[in-house]
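Chemist: The structure under discussion is supplied below as structure tokens; questions concerning it will follow.
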Amino acid sequence: MPSRTPQLADCISVPCYYGSVDPNTAYPKARSSALRALEIDPDLADGHEILATVLMAYDWNWTAAEKEYKRAIELNPNCTAARYHYSYLLAELGRFDEAIREATEALGHDPMSPLLNAGLAFVFLLTDNYDRCIHQSLTAIDVDASMILSYLTLGNAYEQKGQYAAAIESYEKGMALGESMLVFLETCPQLDSFRDDPRFQEIERRVGLRA
């Protein structure tokens with residue numbers, strides 16, 4: 001059934017987007033499923049959204065990705081996934097006002113979504129709006145205190161403002177919820193300033209990265 005094809009592509013691409021599976025395996029499969037869905041129904045917004053995400057995150061083809069995101073939004077203005085991911089693309093291209101507008105629009109369609117609340121906070125982080133990022137991260141935590149992305153984003157914003165104790169506290173809370181984003185502790189350059197802090201070293205020990 002055609003309705004299941006974009007769902008399959010979504011199930012394949014989302015874990016890859018967040019670093020849980022091998023992109024060289026998952027993204028080509030997601031692309032294939034999305035293209036198959038669009039062959040059946042060229043006006044399927046979800047198919048265009050998934051294809052756009054593959055083009056952005058795997059091919060780094062910003063122009064083609066933007067075209068697909070715009071098409072998805074044109075077909076379905078309520079497609080929050082398209083607006084959410086498109087906001088990241090705009091932020092990466094330095095089009096900060098547009099990025100904030102798309103992330104805000106996405107949240108407006110589903111104001112109680114934990115992911116969209118955290119997503120807007122992350123866009124504020126990408127656009128160097130650290131005070132707004134902190135405020136929105138705290139709002140996202142009020143909406144859903146189990147959203148790990150909110151704590152990581154909050155920690156990053158505190159770090160950029162030089163509030164290192166608050167940053168570490170945020171990272172610790174995120175770690176208490178789940179350790180899968182923490183596999184990058186040793187390689188993430190944004191964490192370099194914390195490496196001599198005993199609390200950070202304790203986190204490394206807890207995830208098996210320090211003896």
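The way I read the labels, and the way they are meant: chains A, B, ... in the order of the structure tokens, residue 1 as the first residue of every chain, and ligand 1 as the first ligand shown, with later ones counted on from there.
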Name the residues of stretch 18-205 of chain A that fall into helix (DSSP H, G or I) according to DSSP on the backbone, using the chain letters and numbers of this document, as a ChimeraX atom specification.
Modeler: /A:23-40,45-57,62-75,80-92,96-109,114-126,130-143,148-160,164-177,180-184,189-194,198-205
Chemist: Go ahead and save the residues from that selection, with C-alpha atoms, as a short mmCIF file (atom, residue, chain, number, x, y, z; two decimals), in the first residue's frame.
Modeler:
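Writing done, so here's out18.cif:
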```
data_model
loop_
_atom_site.label_atom_id
_atom_site.label_comp_id
_atom_site.auth_asym_id
_atom_site.auth_seq_id
_atom_site.Cartn_x
_atom_site.Cartn_y
_atom_site.Cartn_z
CA PRO A 23 24.02 6.29 7.30
CA ASN A 24 25.55 4.44 4.35
CA THR A 25 23.05 1.66 4.89
CA ALA A 26 19.95 3.50 6.07
CA TYR A 27 19.84 6.62 3.92
CA PRO A 28 19.97 4.84 0.53
CA LYS A 29 17.13 2.59 1.69
CA ALA A 30 15.13 5.60 2.89
CA ARG A 31 15.74 7.36 -0.44
CA SER A 32 14.57 4.30 -2.35
CA SER A 33 11.39 4.02 -0.28
CA ALA A 34 10.63 7.74 -0.60
CA LEU A 35 11.15 7.71 -4.36
CA ARG A 36 8.92 4.66 -4.67
CA ALA A 37 6.19 6.46 -2.73
CA LEU A 38 6.52 9.53 -4.96
CA GLU A 39 6.25 7.40 -8.08
CA ILE A 40 2.89 6.22 -6.79
CA ALA A 45 4.13 15.53 1.29
CA ASP A 46 5.76 12.93 3.54
CA GLY A 47 7.66 11.47 0.60
CA HIS A 48 9.09 14.87 -0.32
CA GLU A 49 10.01 15.53 3.32
CA ILE A 50 11.92 12.27 3.72
CA LEU A 51 13.67 12.73 0.39
CA ALA A 52 14.65 16.25 1.45
CA THR A 53 16.15 14.96 4.68
CA VAL A 54 18.22 12.40 2.79
CA LEU A 55 19.41 15.10 0.38
CA MET A 56 20.37 17.36 3.30
CA ALA A 57 21.86 14.94 5.79
CA TRP A 62 21.30 21.92 0.14
CA THR A 63 19.62 23.31 -2.98
CA ALA A 64 17.77 20.09 -3.83
CA ALA A 65 16.87 19.52 -0.18
CA GLU A 66 15.37 22.99 0.13
CA LYS A 67 13.32 22.42 -3.00
CA GLU A 68 11.89 19.19 -1.57
CA TYR A 69 11.14 20.74 1.83
CA LYS A 70 9.33 23.63 0.16
CA ARG A 71 7.32 21.18 -1.95
CA ALA A 72 6.36 19.17 1.12
CA ILE A 73 5.19 22.32 2.92
CA GLU A 74 3.34 23.51 -0.18
CA LEU A 75 1.47 20.21 -0.37
CA THR A 80 5.59 19.69 11.01
CA ALA A 81 8.42 17.29 10.17
CA ALA A 82 9.17 19.24 6.99
CA ARG A 83 9.15 22.60 8.76
CA TYR A 84 11.21 21.21 11.67
CA HIS A 85 13.96 19.75 9.47
CA TYR A 86 13.83 22.67 7.04
CA SER A 87 14.57 25.01 9.94
CA TYR A 88 17.81 23.11 10.57
CA LEU A 89 18.79 23.45 6.91
CA LEU A 90 18.12 27.20 6.98
CA ALA A 91 20.18 27.59 10.14
CA GLU A 92 23.10 25.71 8.59
CA PHE A 96 18.70 32.56 10.79
CA ASP A 97 15.48 34.59 10.68
CA GLU A 98 13.94 32.08 8.28
CA ALA A 99 15.13 29.18 10.43
CA ILE A 100 13.49 30.59 13.55
CA ARG A 101 10.32 31.33 11.62
CA GLU A 102 10.02 27.75 10.31
CA ALA A 103 10.75 26.18 13.70
CA THR A 104 8.23 28.49 15.34
CA GLU A 105 5.66 27.68 12.67
CA ALA A 106 6.19 23.96 13.19
CA LEU A 107 5.66 24.33 16.93
CA GLY A 108 2.56 26.41 16.32
CA HIS A 109 0.92 23.41 14.66
CA PRO A 114 8.26 17.60 23.08
CA LEU A 115 10.36 17.26 19.92
CA LEU A 116 9.18 20.50 18.34
CA ASN A 117 9.71 22.42 21.57
CA ALA A 118 13.22 21.02 21.84
CA GLY A 119 13.72 21.62 18.12
CA LEU A 120 12.96 25.34 18.43
CA ALA A 121 15.44 25.55 21.32
CA PHE A 122 18.06 23.84 19.15
CA VAL A 123 17.46 26.32 16.33
CA PHE A 124 17.98 29.16 18.79
CA LEU A 125 21.28 27.49 19.71
CA LEU A 126 22.34 27.18 16.07
CA TYR A 130 21.61 31.66 23.71
CA ASP A 131 19.22 33.42 26.10
CA ARG A 132 16.23 32.48 23.96
CA CYS A 133 17.64 28.95 23.69
CA ILE A 134 17.83 28.64 27.47
CA HIS A 135 14.28 29.92 27.89
CA GLN A 136 12.91 27.60 25.20
CA SER A 137 14.88 24.61 26.51
CA LEU A 138 13.35 25.12 29.94
CA THR A 139 9.93 25.38 28.31
CA ALA A 140 10.61 22.13 26.45
CA ILE A 141 11.57 20.46 29.71
CA ASP A 142 8.32 21.67 31.29
CA VAL A 143 6.44 20.07 28.38
CA ILE A 148 17.16 14.28 26.18
CA LEU A 149 17.67 16.81 23.38
CA SER A 150 16.34 19.58 25.64
CA TYR A 151 19.06 18.99 28.23
CA LEU A 152 21.86 18.71 25.68
CA THR A 153 20.72 21.92 24.00
CA LEU A 154 20.40 23.67 27.33
CA GLY A 155 23.87 22.51 28.32
CA ASN A 156 25.34 23.83 25.09
CA ALA A 157 23.70 27.24 25.59
CA TYR A 158 24.97 27.48 29.16
CA GLU A 159 28.44 26.53 27.93
CA GLN A 160 28.44 29.25 25.30
CA TYR A 164 29.88 25.85 33.08
CA ALA A 165 28.39 24.50 36.31
CA ALA A 166 24.88 24.87 34.89
CA ALA A 167 26.05 23.27 31.65
CA ILE A 168 27.43 20.23 33.41
CA GLU A 169 24.26 19.91 35.47
CA SER A 170 22.21 19.88 32.27
CA TYR A 171 24.43 17.24 30.68
CA GLU A 172 24.19 15.12 33.85
CA LYS A 173 20.39 15.28 33.74
CA GLY A 174 20.42 14.26 30.11
CA MET A 175 22.72 11.37 30.91
CA ALA A 176 20.41 10.19 33.67
CA LEU A 177 17.65 9.84 31.06
CA SER A 180 23.06 6.83 23.77
CA MET A 181 23.93 10.54 22.82
CA LEU A 182 26.87 10.31 25.15
CA VAL A 183 28.86 8.04 22.87
CA PHE A 184 30.38 11.24 21.47
CA PRO A 189 34.96 19.51 20.60
CA GLN A 190 32.29 21.51 22.40
CA LEU A 191 33.00 19.48 25.53
CA ASP A 192 36.76 20.17 25.58
CA SER A 193 36.46 22.87 28.22
CA PHE A 194 34.86 20.41 30.64
CA PRO A 198 35.81 15.90 38.09
CA ARG A 199 32.07 15.78 37.43
CA PHE A 200 32.66 15.41 33.70
CA GLN A 201 35.24 12.69 34.38
CA GLU A 202 32.67 10.88 36.48
CA ILE A 203 30.29 10.92 33.49
CA GLU A 204 33.09 9.43 31.36
CA ARG A 205 33.57 6.66 33.93
#
```
Chemist: So how many Å separate atom CA of A:Gln163 and atom CA of A:Asn129, to one decimal?
Modeler: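 Value for the atom CA of A:Gln163-atom CA of A:Asn129 distance: 15.1 Å.
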